[in-house]
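Enquirer: Below is input.cif; it holds mmCIF, C-alpha atoms.
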```cif
data_data
loop_
_atom_site.group_PDB
_atom_site.id
_atom_site.type_symbol
_atom_site.label_atom_id
_atom_site.label_comp_id
_atom_site.auth_asym_id
_atom_site.auth_seq_id
_atom_site.Cartn_x
_atom_site.Cartn_y
_atom_site.Cartn_z
ATOM 1 C CA MET H 1 116.317 119.220 142.783
ATOM 2 C CA ASN H 2 116.231 122.696 141.154
ATOM 3 C CA LEU H 3 113.393 123.940 138.975
ATOM 4 C CA ARG H 4 115.204 123.313 135.713
ATOM 5 C CA ALA H 5 116.052 119.723 136.599
ATOM 6 C CA LEU H 6 112.488 119.129 137.780
ATOM 7 C CA GLN H 7 111.101 120.450 134.497
ATOM 8 C CA ARG H 8 113.439 118.164 132.588
ATOM 9 C CA ASN H 9 112.437 115.069 134.572
ATOM 10 C CA VAL H 10 108.690 115.629 134.947
ATOM 11 C CA PRO H 11 107.726 113.914 131.623
ATOM 12 C CA LEU H 12 109.799 110.819 132.457
ATOM 13 C CA LEU H 13 108.392 110.655 135.983
ATOM 14 C CA ALA H 14 104.865 111.011 134.622
ATOM 15 C CA THR H 15 105.512 108.173 132.154
ATOM 16 C CA ILE H 16 106.799 105.874 134.897
ATOM 17 C CA VAL H 17 103.802 106.667 137.096
ATOM 18 C CA VAL H 18 101.352 105.935 134.255
ATOM 19 C CA CYS H 19 103.151 102.668 133.467
ATOM 20 C CA LEU H 20 103.074 101.525 137.110
ATOM 21 C CA VAL H 21 99.423 102.489 137.565
ATOM 22 C CA LEU H 22 98.397 100.571 134.436
ATOM 23 C CA TYR H 23 100.468 97.535 135.411
ATOM 24 C CA VAL H 24 99.227 97.411 139.006
ATOM 25 C CA ALA H 25 95.595 97.917 137.940
ATOM 26 C CA ALA H 26 95.841 95.080 135.405
ATOM 27 C CA ALA H 27 97.640 92.821 137.904
ATOM 28 C CA VAL H 28 94.936 93.406 140.527
ATOM 29 C CA LYS H 29 92.140 92.638 138.067
ATOM 30 C CA TYR H 30 93.905 89.683 136.425
ATOM 31 C CA PRO H 31 96.241 87.844 138.882
ATOM 32 C CA ALA H 32 98.019 85.953 136.068
ATOM 33 C CA PHE H 33 98.988 89.320 134.559
ATOM 34 C CA ALA H 34 101.798 89.692 137.112
ATOM 35 C CA SER H 35 103.554 86.477 136.055
ATOM 36 C CA LEU H 36 107.117 86.459 134.740
ATOM 37 C CA ARG H 37 105.983 84.970 131.437
ATOM 38 C CA VAL H 38 103.623 87.874 130.752
ATOM 39 C CA PHE H 39 106.304 90.399 131.704
ATOM 40 C CA ILE H 40 108.762 88.800 129.266
ATOM 41 C CA ASN H 41 106.113 88.960 126.552
ATOM 42 C CA PHE H 42 106.023 92.755 126.931
ATOM 43 C CA PHE H 43 109.558 92.770 125.492
ATOM 44 C CA ALA H 44 109.150 89.883 123.035
ATOM 45 C CA ASP H 45 105.856 91.001 121.483
ATOM 46 C CA ASN H 46 106.914 94.640 121.191
ATOM 47 C CA SER H 47 110.558 94.084 120.281
ATOM 48 C CA PHE H 48 110.431 95.408 116.709
ATOM 49 C CA LEU H 49 108.374 98.416 117.815
ATOM 50 C CA GLY H 50 110.824 99.091 120.633
ATOM 51 C CA ILE H 51 113.929 98.843 118.462
ATOM 52 C CA ALA H 52 112.454 101.188 115.850
ATOM 53 C CA ALA H 53 111.371 103.598 118.604
ATOM 54 C CA LEU H 54 114.868 103.662 120.127
ATOM 55 C CA GLY H 55 116.403 104.653 116.798
ATOM 56 C CA LEU H 56 113.685 107.258 116.332
ATOM 57 C CA THR H 57 114.428 108.665 119.803
ATOM 58 C CA PHE H 58 117.798 109.986 118.627
ATOM 59 C CA VAL H 59 116.197 111.626 115.582
ATOM 60 C CA ILE H 60 113.582 113.394 117.703
ATOM 61 C CA LEU H 61 116.199 114.377 120.279
ATOM 62 C CA SER H 62 118.065 116.131 117.461
ATOM 63 C CA GLY H 63 114.933 118.053 116.512
ATOM 64 C CA GLY H 64 113.961 115.896 113.515
ATOM 65 C CA ILE H 65 111.414 113.223 112.678
ATOM 66 C CA ASP H 66 111.474 109.951 110.733
ATOM 67 C CA LEU H 67 108.258 108.649 109.172
ATOM 68 C CA SER H 68 109.939 105.852 107.218
ATOM 69 C CA VAL H 69 110.594 103.402 110.061
ATOM 70 C CA GLY H 70 107.555 101.185 109.499
ATOM 71 C CA ALA H 71 108.069 101.031 105.749
ATOM 72 C CA VAL H 72 111.716 100.029 106.235
ATOM 73 C CA VAL H 73 110.599 97.190 108.535
ATOM 74 C CA GLY H 74 108.282 95.907 105.799
ATOM 75 C CA LEU H 75 110.912 96.285 103.082
ATOM 76 C CA VAL H 76 113.560 94.460 105.095
ATOM 77 C CA SER H 77 111.178 91.626 105.947
ATOM 78 C CA VAL H 78 110.346 91.081 102.273
ATOM 79 C CA PHE H 79 113.997 91.338 101.259
ATOM 80 C CA LEU H 80 115.061 88.755 103.831
ATOM 81 C CA ALA H 81 112.270 86.380 102.851
ATOM 82 C CA LEU H 82 113.186 86.556 99.173
ATOM 83 C CA ALA H 83 116.923 86.492 99.822
ATOM 84 C CA MET H 84 116.830 83.348 101.944
ATOM 85 C CA GLU H 85 113.960 81.463 100.302
ATOM 86 C CA LYS H 86 114.211 82.310 96.584
ATOM 87 C CA TRP H 87 117.709 83.665 96.077
ATOM 88 C CA HIS H 88 119.226 81.114 98.507
ATOM 89 C CA TRP H 89 121.394 83.597 100.393
ATOM 90 C CA HIS H 90 122.780 82.488 103.717
ATOM 91 C CA VAL H 91 121.393 84.331 106.728
ATOM 92 C CA ALA H 92 124.931 85.519 107.560
ATOM 93 C CA VAL H 93 124.940 87.410 104.250
ATOM 94 C CA ALA H 94 121.308 88.513 104.012
ATOM 95 C CA VAL H 95 121.068 90.119 107.458
ATOM 96 C CA PRO H 96 124.230 92.293 107.214
ATOM 97 C CA VAL H 97 123.169 93.459 103.736
ATOM 98 C CA ALA H 98 119.744 94.415 105.104
ATOM 99 C CA LEU H 99 121.249 96.291 108.060
ATOM 100 C CA ALA H 100 123.746 98.110 105.853
ATOM 101 C CA GLY H 101 120.967 99.021 103.446
ATOM 102 C CA GLY H 102 118.863 100.443 106.268
ATOM 103 C CA GLY H 103 121.759 102.543 107.522
ATOM 104 C CA LEU H 104 122.528 103.805 104.002
ATOM 105 C CA PHE H 105 118.871 104.657 103.388
ATOM 106 C CA GLY H 106 118.753 106.674 106.598
ATOM 107 C CA SER H 107 122.022 108.422 105.730
ATOM 108 C CA LEU H 108 120.635 109.553 102.375
ATOM 109 C CA MET H 109 117.555 111.026 104.052
ATOM 110 C CA GLY H 110 119.752 112.759 106.623
ATOM 111 C CA LEU H 111 121.932 114.165 103.849
ATOM 112 C CA LEU H 112 118.873 115.604 102.099
ATOM 113 C CA VAL H 113 117.615 117.111 105.340
ATOM 114 C CA HIS H 114 120.922 118.785 106.153
ATOM 115 C CA ARG H 115 122.459 119.599 102.783
ATOM 116 C CA PHE H 116 119.351 121.117 101.208
ATOM 117 C CA ALA H 117 117.646 122.290 104.425
ATOM 118 C CA LEU H 118 114.553 120.254 103.564
ATOM 119 C CA PRO H 119 111.844 119.602 106.183
ATOM 120 C CA PRO H 120 112.482 116.204 107.821
ATOM 121 C CA PHE H 121 108.748 115.487 107.729
ATOM 122 C CA LEU H 122 108.615 115.702 103.937
ATOM 123 C CA VAL H 123 111.922 113.937 103.303
ATOM 124 C CA THR H 124 111.057 110.966 105.500
ATOM 125 C CA LEU H 125 107.486 110.907 104.167
ATOM 126 C CA GLY H 126 108.995 110.481 100.721
ATOM 127 C CA GLY H 127 111.273 107.798 102.168
ATOM 128 C CA MET H 128 108.243 106.033 103.613
ATOM 129 C CA PHE H 129 106.474 105.926 100.235
ATOM 130 C CA PHE H 130 109.678 104.818 98.475
ATOM 131 C CA ALA H 131 110.407 101.971 100.911
ATOM 132 C CA ARG H 132 106.801 100.757 101.028
ATOM 133 C CA GLY H 133 106.483 100.922 97.240
ATOM 134 C CA LEU H 134 109.749 99.034 96.730
ATOM 135 C CA ALA H 135 108.604 96.367 99.183
ATOM 136 C CA GLN H 136 105.350 95.874 97.272
ATOM 137 C CA LEU H 137 107.270 95.822 94.003
ATOM 138 C CA LEU H 138 109.352 92.928 95.352
ATOM 139 C CA SER H 139 106.335 90.950 96.517
ATOM 140 C CA LEU H 140 102.687 91.645 97.296
ATOM 141 C CA GLU H 141 102.172 88.362 99.117
ATOM 142 C CA ALA H 142 103.387 87.227 102.509
ATOM 143 C CA GLN H 143 106.525 85.120 102.145
ATOM 144 C CA PRO H 144 107.126 82.370 104.725
ATOM 145 C CA ILE H 145 110.727 81.887 105.835
ATOM 146 C CA THR H 146 111.539 78.239 106.453
ATOM 147 C CA ARG H 147 115.343 78.432 106.461
ATOM 148 C CA TYR H 148 117.688 79.498 109.265
ATOM 149 C CA LEU H 149 115.354 81.588 111.444
ATOM 150 C CA SER H 150 113.701 78.750 113.361
ATOM 151 C CA GLU H 151 117.149 77.338 114.128
ATOM 152 C CA ILE H 152 118.256 80.751 115.450
ATOM 153 C CA THR H 153 115.212 81.190 117.680
ATOM 154 C CA ASP H 154 115.606 77.650 119.026
ATOM 155 C CA ALA H 155 119.287 78.163 119.799
ATOM 156 C CA VAL H 156 119.289 81.731 121.120
ATOM 157 C CA LYS H 157 117.085 81.835 124.207
ATOM 158 C CA VAL H 158 117.532 82.019 127.963
ATOM 159 C CA PRO H 159 115.501 79.836 130.356
ATOM 160 C CA LEU H 160 114.119 81.815 133.309
ATOM 161 C CA GLY H 161 112.339 79.483 135.693
ATOM 162 C CA ASN H 162 109.061 78.441 134.092
ATOM 163 C CA ALA H 163 109.501 81.012 131.330
ATOM 164 C CA VAL H 164 111.906 81.567 128.448
ATOM 165 C CA LEU H 165 113.516 84.802 127.283
ATOM 166 C CA PRO H 166 113.229 84.478 123.473
ATOM 167 C CA THR H 167 115.590 85.722 120.797
ATOM 168 C CA THR H 168 113.487 88.792 119.950
ATOM 169 C CA ALA H 169 113.452 89.958 123.578
ATOM 170 C CA ILE H 170 117.204 89.354 123.922
ATOM 171 C CA ILE H 171 117.925 91.502 120.866
ATOM 172 C CA PHE H 172 115.623 94.229 122.185
ATOM 173 C CA LEU H 173 117.384 94.241 125.566
ATOM 174 C CA VAL H 174 120.812 94.427 123.897
ATOM 175 C CA VAL H 175 119.646 97.402 121.808
ATOM 176 C CA ILE H 176 118.305 99.100 124.948
ATOM 177 C CA VAL H 177 121.708 98.810 126.623
ATOM 178 C CA GLY H 178 123.501 100.014 123.492
ATOM 179 C CA ALA H 179 121.174 102.994 123.057
ATOM 180 C CA PHE H 180 121.532 103.940 126.738
ATOM 181 C CA VAL H 181 125.329 103.864 126.558
ATOM 182 C CA LEU H 182 125.313 105.799 123.281
ATOM 183 C CA SER H 183 123.043 108.523 124.657
ATOM 184 C CA LYS H 184 124.692 108.937 128.058
ATOM 185 C CA PHE H 185 128.359 108.103 127.673
ATOM 186 C CA SER H 186 129.359 108.989 124.114
ATOM 187 C CA ARG H 187 130.285 112.239 122.419
ATOM 188 C CA PHE H 188 127.714 111.437 119.744
ATOM 189 C CA GLY H 189 124.948 111.314 122.340
ATOM 190 C CA ARG H 190 125.977 114.576 123.979
ATOM 191 C CA ASN H 191 126.132 116.272 120.584
ATOM 192 C CA VAL H 192 122.638 115.034 119.702
ATOM 193 C CA TYR H 193 121.248 116.684 122.835
ATOM 194 C CA ALA H 194 123.165 119.886 122.092
ATOM 195 C CA ILE H 195 121.914 120.107 118.519
ATOM 196 C CA GLY H 196 118.352 119.370 119.551
ATOM 197 C CA GLY H 197 118.519 122.027 122.260
ATOM 198 C CA ASN H 198 119.806 124.775 119.956
ATOM 199 C CA GLU H 199 121.316 123.976 116.577
ATOM 200 C CA GLN H 200 122.671 127.493 116.033
ATOM 201 C CA SER H 201 124.485 127.452 119.359
ATOM 202 C CA ALA H 202 125.851 123.996 118.579
ATOM 203 C CA THR H 203 127.199 125.297 115.260
ATOM 204 C CA LEU H 204 128.857 128.280 116.949
ATOM 205 C CA MET H 205 130.431 125.893 119.474
ATOM 206 C CA GLY H 206 132.077 124.038 116.602
ATOM 207 C CA LEU H 207 130.100 120.818 116.959
ATOM 208 C CA PRO H 208 129.949 118.597 113.833
ATOM 209 C CA VAL H 209 126.300 119.359 113.125
ATOM 210 C CA ALA H 210 126.297 117.837 109.636
ATOM 211 C CA LYS H 211 127.786 114.518 110.771
ATOM 212 C CA ILE H 212 125.449 114.274 113.755
ATOM 213 C CA LYS H 213 122.282 115.076 111.791
ATOM 214 C CA ILE H 214 123.164 112.546 109.099
ATOM 215 C CA GLY H 215 124.244 110.117 111.808
ATOM 216 C CA VAL H 216 120.933 110.141 113.672
ATOM 217 C CA TYR H 217 119.021 109.292 110.494
ATOM 218 C CA ALA H 218 121.550 106.583 109.660
ATOM 219 C CA LEU H 219 121.068 105.180 113.163
ATOM 220 C CA SER H 220 117.295 105.290 112.765
ATOM 221 C CA GLY H 221 117.544 103.507 109.419
ATOM 222 C CA PHE H 222 119.814 100.858 110.914
ATOM 223 C CA CYS H 223 117.468 100.320 113.868
ATOM 224 C CA SER H 224 114.477 100.105 111.517
ATOM 225 C CA ALA H 225 116.295 97.470 109.465
ATOM 226 C CA LEU H 226 117.149 95.591 112.661
ATOM 227 C CA ALA H 227 113.490 95.832 113.656
ATOM 228 C CA GLY H 228 112.684 94.235 110.285
ATOM 229 C CA VAL H 229 115.069 91.374 111.097
ATOM 230 C CA VAL H 230 113.412 90.936 114.491
ATOM 231 C CA TYR H 231 109.983 91.024 112.825
ATOM 232 C CA CYS H 232 111.083 88.102 110.639
ATOM 233 C CA LEU H 233 112.313 86.209 113.691
ATOM 234 C CA TYR H 234 109.000 86.893 115.440
ATOM 235 C CA THR H 235 106.676 85.951 112.563
ATOM 236 C CA GLN H 236 108.952 83.625 110.540
ATOM 237 C CA SER H 237 107.797 85.487 107.428
ATOM 238 C CA GLY H 238 108.158 88.653 105.367
ATOM 239 C CA TYR H 239 105.339 90.888 104.179
ATOM 240 C CA ALA H 240 105.372 94.142 102.210
ATOM 241 C CA LYS H 241 102.553 95.592 104.325
ATOM 242 C CA ALA H 242 104.154 94.561 107.617
ATOM 243 C CA ALA H 243 104.403 97.244 110.288
ATOM 244 C CA GLU H 244 101.945 99.621 108.610
ATOM 245 C CA GLY H 245 101.430 102.471 111.041
ATOM 246 C CA LEU H 246 104.445 101.431 113.109
ATOM 247 C CA GLU H 247 106.007 104.857 112.596
ATOM 248 C CA LEU H 248 103.043 106.450 114.388
ATOM 249 C CA ASP H 249 103.228 103.952 117.247
ATOM 250 C CA ALA H 250 106.979 104.590 117.533
ATOM 251 C CA ILE H 251 106.503 108.361 117.642
ATOM 252 C CA ALA H 252 103.772 107.938 120.259
ATOM 253 C CA ALA H 253 106.041 105.719 122.395
ATOM 254 C CA VAL H 254 108.869 108.268 122.192
ATOM 255 C CA VAL H 255 106.625 111.219 123.089
ATOM 256 C CA ILE H 256 104.816 109.354 125.870
ATOM 257 C CA GLY H 257 108.289 108.440 127.101
ATOM 258 C CA GLY H 258 108.995 112.105 127.737
ATOM 259 C CA THR H 259 110.998 113.156 124.685
ATOM 260 C CA LEU H 260 110.121 116.658 123.509
ATOM 261 C CA LEU H 261 109.156 116.880 119.842
ATOM 262 C CA SER H 262 111.140 120.116 119.661
ATOM 263 C CA GLY H 263 114.302 118.156 120.563
ATOM 264 C CA GLY H 264 116.972 118.390 123.222
ATOM 265 C CA VAL H 265 115.067 116.717 126.065
ATOM 266 C CA GLY H 266 114.320 113.021 126.483
ATOM 267 C CA THR H 267 115.784 109.670 127.486
ATOM 268 C CA VAL H 268 116.182 106.161 126.151
ATOM 269 C CA ALA H 269 114.663 104.862 129.390
ATOM 270 C CA GLY H 270 111.554 106.939 128.778
ATOM 271 C CA THR H 271 111.092 105.429 125.321
ATOM 272 C CA VAL H 272 111.403 101.924 126.758
ATOM 273 C CA VAL H 273 108.729 102.727 129.340
ATOM 274 C CA GLY H 274 106.551 104.161 126.551
ATOM 275 C CA VAL H 275 106.864 100.873 124.648
ATOM 276 C CA LEU H 276 106.017 98.934 127.822
ATOM 277 C CA ILE H 277 102.842 101.008 128.165
ATOM 278 C CA PHE H 278 101.852 99.778 124.698
ATOM 279 C CA GLY H 279 102.515 96.201 125.805
ATOM 280 C CA ILE H 280 100.584 96.544 129.056
ATOM 281 C CA ILE H 281 97.505 97.992 127.336
ATOM 282 C CA GLN H 282 97.529 95.370 124.572
ATOM 283 C CA THR H 283 97.967 92.498 127.026
ATOM 284 C CA ALA H 284 95.276 93.809 129.366
ATOM 285 C CA ILE H 285 92.832 93.916 126.447
ATOM 286 C CA VAL H 286 93.690 90.302 125.596
ATOM 287 C CA PHE H 287 93.130 89.266 129.228
ATOM 288 C CA GLN H 288 89.792 91.109 129.281
ATOM 289 C CA GLY H 289 88.680 89.190 126.211
ATOM 290 C CA THR H 290 85.660 91.244 125.112
ATOM 291 C CA LEU H 291 87.261 94.533 124.069
ATOM 292 C CA SER H 292 88.409 95.322 120.545
ATOM 293 C CA SER H 293 92.122 95.718 119.925
ATOM 294 C CA TRP H 294 91.315 99.225 118.679
ATOM 295 C CA TRP H 295 90.990 100.251 122.323
ATOM 296 C CA THR H 296 94.789 100.215 122.390
ATOM 297 C CA LYS H 297 94.821 103.039 119.841
ATOM 298 C CA ILE H 298 92.152 104.949 121.772
ATOM 299 C CA VAL H 299 94.010 104.763 125.097
ATOM 300 C CA ILE H 300 97.349 105.595 123.476
ATOM 301 C CA GLY H 301 95.728 108.549 121.719
ATOM 302 C CA VAL H 302 94.431 109.918 125.015
ATOM 303 C CA LEU H 303 97.829 109.430 126.681
ATOM 304 C CA LEU H 304 99.626 111.041 123.736
ATOM 305 C CA LEU H 305 97.442 114.152 123.901
ATOM 306 C CA ALA H 306 97.942 114.338 127.661
ATOM 307 C CA PHE H 307 101.721 114.154 127.342
ATOM 308 C CA ILE H 308 101.797 116.737 124.551
ATOM 309 C CA LEU H 309 99.847 119.096 126.813
ATOM 310 C CA LEU H 310 102.307 118.343 129.621
ATOM 311 C CA GLN H 311 105.229 119.162 127.317
ATOM 312 C CA LYS H 312 103.544 122.399 126.285
ATOM 313 C CA MET H 313 103.113 123.395 129.930
ATOM 314 C CA ILE H 314 106.768 122.602 130.699
ATOM 315 C CA GLN H 315 107.985 124.618 127.715
ATOM 316 C CA ALA H 316 105.783 127.547 128.757
ATOM 317 C CA LYS H 317 107.276 127.473 132.270
ATOM 318 C CA LYS H 318 110.798 127.379 130.836
ATOM 319 C CA PHE H 319 109.981 130.366 128.645
ATOM 320 C CA GLN H 320 108.665 132.267 131.649
ATOM 321 C CA ALA H 321 111.775 131.348 133.631
ATOM 322 C CA VAL H 322 113.987 132.712 130.856
ATOM 323 C CA LYS H 323 112.027 135.981 130.789
#
```
How does this structure look as structure tokens?
Expert:
Amino acid sequence: MNLRALQRNVPLLATIVVCLVLYVAAAVKYPAFASLRVFINFFADNSFLGIAALGLTFVILSGGIDLSVGAVVGLVSVFLALAMEKWHWHVAVAVPVALAGGGLFGSLMGLLVHRFALPPFLVTLGGMFFARGLAQLLSLEAQPITRYLSEITDAVKVPLGNAVLPTTAIIFLVVIVGAFVLSKFSRFGRNVYAIGGNEQSATLMGLPVAKIKIGVYALSGFCSALAGVVYCLYTQSGYAKAAEGLELDAIAAVVIGGTLLSGGVGTVAGTVVGVLIFGIIQTAIVFQGTLSSWWTKIVIGVLLLAFILLQKMIQAKKFQAVK
């Protein structure tokens, strides 16, 4: 493996090592931790975080950022609750409308970022406030969903020995496969990496920069809306304040997964491992029983700082290699 390839793969390798060390340490301390049921729960309990993080991965790979993902999850959950419970929409109508709305919302933010050369941080921050405010305007109270969703979760599941792969985990796994194929085997994915690596060079090469930049935000909006659907399946409810802070967790998962904030370097697999690290830490704290759930934030904060330092070191080495 040459130096350049090693520098590109070091963050992902570091993420995998951290994930394995945490998992093995927890399994040694708590024997039940290594069960299939607990492993499945890593995907089920973190499905909406993982789906939002996968959409965000493409935005960060392109050199952008999206702070609206958590607010979109909350907005979609409230919309679905009202649509199915009060407006009596069928789930087959409500869900596609929510997904289309998420994609359109992301497209509009991407258009603002590209057309007017606005900072993605500020545009998506405005999008976050807009989506969260609209969600609270629709309803300030949690809305239980008693129609359709329980039937879906009962019907869509896969028995695995003494455990069950639930609907939320199945959707998450399908999105993982789709995101992997999109990033590795599509022209869109290759263009995202090219734009994130050097947008000016990508423009000179004749790549459709405008379409790709708008497309990554549309994809992030769609994935955030899908995460909102999965949140409803997971909680059987909608809440305007749902997923508060999810955008920060998603960014942390992407960065811990080895994606450079400057764009151009990263993998879908790394983001998935980053999400699994969240799940392992949260589950280990539950098994321990005496620690506050805030320890998850503390550990993730330490890991995030460590991986940012690692990225800085890698970028410095690349700069030296170029010189």
Enquirer: Return the single residue from H:Val73, H:Leu36, H:Leu61, H:Leu112 that is closest to Glu244 (chain H), with distances computed using all atoms listed in the file.
Expert: H:Val73
Enquirer: Nearest to Gly238 (chain H) among H:Gly126, H:Pro144, H:Gly221, H:Pro96, with distances taken over all atoms listed in the file: which residue is it?
Expert: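 Of H:Gly126, H:Pro144, H:Gly221, H:Pro96, the one nearest Gly238 (chain H) is H:Pro144, counting all atoms listed in the file.
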Enquirer: For the point (122.7, 117.3, 109.8) in file coordinates, what residues are within 8 Å, counting all atoms listed in the file? Give the answer as a compact mmCIF listing (two decimals) with C-alpha atoms, keeping the file's coordinate frame?
Expert:
```txt
# COMPACT_ATOMS: atom_id res chain seq x y z
CA GLY H 110 119.75 112.76 106.62
CA LEU H 111 121.93 114.16 103.85
CA VAL H 113 117.62 117.11 105.34
CA HIS H 114 120.92 118.78 106.15
CA ARG H 115 122.46 119.60 102.78
CA VAL H 209 126.30 119.36 113.12
CA ALA H 210 126.30 117.84 109.64
CA LYS H 211 127.79 114.52 110.77
CA ILE H 212 125.45 114.27 113.76
CA LYS H 213 122.28 115.08 111.79
CA ILE H 214 123.16 112.55 109.10
CA GLY H 215 124.24 110.12 111.81
```
Enquirer: Do you have the CA of Leu165 (chain H)-CA of Ser150 (chain H) distance handy?
Expert: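 Value for the CA of Leu165 (chain H)-CA of Ser150 (chain H) distance: 15.2 Å.
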Enquirer: Tell me which protein, DNA and RNA residues are within 7 Å of Ala53 (chain H), counting all atoms listed in the file, leaving out same-chain ones fewer than 2 positions away, and put them as a list in words.
Expert: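 With the cut-off at 7 Å, the set is Leu49, Gly50, Ile51, Gly55, Leu56, Thr57, Ala250, Ile251, Ala253, Val254 and Thr271 of chain H.
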Enquirer: For the file shown, report as an MDAnalysis selection string the outcome of the PyMOL selection byres ((chain H and resi 183-195) around 9) at residue level.
Expert: chainID H and resid 58:59 61:63 178:182 196:203 207:209 212:213 215:216 263:268
Enquirer: Grab the residues selected above and save them as an mmCIF file, in the frame of the given file with C-alpha atoms.
Expert:
```cif
data_model
loop_
_atom_site.group_PDB
_atom_site.id
_atom_site.type_symbol
_atom_site.label_atom_id
_atom_site.label_comp_id
_atom_site.auth_asym_id
_atom_site.auth_seq_id
_atom_site.Cartn_x
_atom_site.Cartn_y
_atom_site.Cartn_z
ATOM 1 C CA PHE H 58 117.798 109.986 118.627
ATOM 2 C CA VAL H 59 116.197 111.626 115.582
ATOM 3 C CA LEU H 61 116.199 114.377 120.279
ATOM 4 C CA SER H 62 118.065 116.131 117.461
ATOM 5 C CA GLY H 63 114.933 118.053 116.512
ATOM 6 C CA GLY H 178 123.501 100.014 123.492
ATOM 7 C CA ALA H 179 121.174 102.994 123.057
ATOM 8 C CA PHE H 180 121.532 103.940 126.738
ATOM 9 C CA VAL H 181 125.329 103.864 126.558
ATOM 10 C CA LEU H 182 125.313 105.799 123.281
ATOM 11 C CA GLY H 196 118.352 119.370 119.551
ATOM 12 C CA GLY H 197 118.519 122.027 122.260
ATOM 13 C CA ASN H 198 119.806 124.775 119.956
ATOM 14 C CA GLU H 199 121.316 123.976 116.577
ATOM 15 C CA GLN H 200 122.671 127.493 116.033
ATOM 16 C CA SER H 201 124.485 127.452 119.359
ATOM 17 C CA ALA H 202 125.851 123.996 118.579
ATOM 18 C CA THR H 203 127.199 125.297 115.260
ATOM 19 C CA LEU H 207 130.100 120.818 116.959
ATOM 20 C CA PRO H 208 129.949 118.597 113.833
ATOM 21 C CA VAL H 209 126.300 119.359 113.125
ATOM 22 C CA ILE H 212 125.449 114.274 113.755
ATOM 23 C CA LYS H 213 122.282 115.076 111.791
ATOM 24 C CA GLY H 215 124.244 110.117 111.808
ATOM 25 C CA VAL H 216 120.933 110.141 113.672
ATOM 26 C CA GLY H 263 114.302 118.156 120.563
ATOM 27 C CA GLY H 264 116.972 118.390 123.222
ATOM 28 C CA VAL H 265 115.067 116.717 126.065
ATOM 29 C CA GLY H 266 114.320 113.021 126.483
ATOM 30 C CA THR H 267 115.784 109.670 127.486
ATOM 31 C CA VAL H 268 116.182 106.161 126.151
#
```
Enquirer: Could you tell me which of H:Leu261, H:Val18, H:Val123, H:Met84 comes closest to Val273 (chain H) if we count all atoms listed in the file?
Expert: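 Of H:Leu261, H:Val18, H:Val123, H:Met84, the one nearest Val273 (chain H) is H:Val18, counting all atoms listed in the file.
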Enquirer: Using all atoms listed in the file, which of H:Ala26, H:Val72, H:Val302, H:Ala81 sits nearest Met128 (chain H)?
Expert: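 Smallest separation from Met128 (chain H) among the options: H:Val72.
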Enquirer: Determine, counting all atoms listed in the file, which protein, DNA and RNA residues have an atom within 7 Å of an atom of Ala218 (chain H); residues of the same chain fewer than 4 positions away are not included. Present the result as a PDB file with C-alpha atoms, in the coordinates of the input.
Expert:
```pdb
ATOM      1  CA  GLY H 103     121.759 102.543 107.522  1.00  0.00           C
ATOM      2  CA  LEU H 104     122.528 103.805 104.002  1.00  0.00           C
ATOM      3  CA  GLY H 106     118.753 106.674 106.598  1.00  0.00           C
ATOM      4  CA  SER H 107     122.022 108.422 105.730  1.00  0.00           C
ATOM      5  CA  ILE H 214     123.164 112.546 109.099  1.00  0.00           C
ATOM      6  CA  PHE H 222     119.814 100.858 110.914  1.00  0.00           C
TER       7      PHE H 222
END
```
Enquirer: Starting from the PyMOL selection byres ((chain H and resi 283-287) around 10), expand the selection into actual residues of this file and give them as a list of chain:residue names.
Expert: H:Leu22, H:Tyr23, H:Ala25, H:Ala26, H:Ala27, H:Lys29, H:Tyr30, H:Ala32, H:Phe33, H:Val38, H:Phe39, H:Asn41, H:Phe42, H:Asp45, H:Ile277, H:Phe278, H:Gly279, H:Ile280, H:Ile281, H:Gln282, H:Gln288, H:Gly289, H:Thr290, H:Leu291, H:Ser292, H:Ser293, H:Trp294, H:Trp295, H:Thr296
Enquirer: Using the chain letters and numbering of this document, enumerate as a list of chain:residue names the residues selected by the PyMOL selection byres ((chain H and resi 303) around 10).
Expert: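 On this input, the PyMOL selection byres ((chain H and resi 303) around 10) captures H:Thr15, H:Val18, H:Ala252, H:Ala253, H:Val255, H:Ile256, H:Ile277, H:Lys297, H:Ile298, H:Val299, H:Ile300, H:Gly301, H:Val302, H:Leu304, H:Leu305, H:Ala306, H:Phe307, H:Ile308, H:Leu309.
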Enquirer: For Thr167 (chain H), work out the shell of residues within 12 Å, counting only C-alpha atoms and skipping chain neighbours fewer than 3 positions away, then give it as JSON, numbers by chain.
Expert: {"H": [40, 41, 43, 44, 45, 47, 48, 149, 150, 151, 152, 153, 154, 155, 156, 157, 158, 159, 164, 170, 171, 172, 173, 174, 229, 230, 231, 232, 233, 234]}
Enquirer: Using only C-alpha atoms, determine which residues lie at most 10 Å from Glu141 (chain H), disregarding the query and same-chain residues fewer than 2 positions distant; provide the list as a PyMOL selection string.
Expert: chain H and resi 78+136+138-139+143-144+238-241
Enquirer: Mind dumping the selected residues with C-alpha atoms as a compact mmCIF listing (two decimals), in the frame of the given file?
Expert:
```
# COMPACT_ATOMS: atom_id res chain seq x y z
CA VAL H 78 110.35 91.08 102.27
CA GLN H 136 105.35 95.87 97.27
CA LEU H 138 109.35 92.93 95.35
CA SER H 139 106.34 90.95 96.52
CA GLN H 143 106.52 85.12 102.14
CA PRO H 144 107.13 82.37 104.72
CA GLY H 238 108.16 88.65 105.37
CA TYR H 239 105.34 90.89 104.18
CA ALA H 240 105.37 94.14 102.21
CA LYS H 241 102.55 95.59 104.32
```
Enquirer: From the list H:Ser77, H:Ser220, H:Asn9, H:Gln236, which residue is nearest Leu134 (chain H) when using only C-alpha atoms?
Expert: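 Answer, going by the shortest atom-to-atom distance: H:Ser77.
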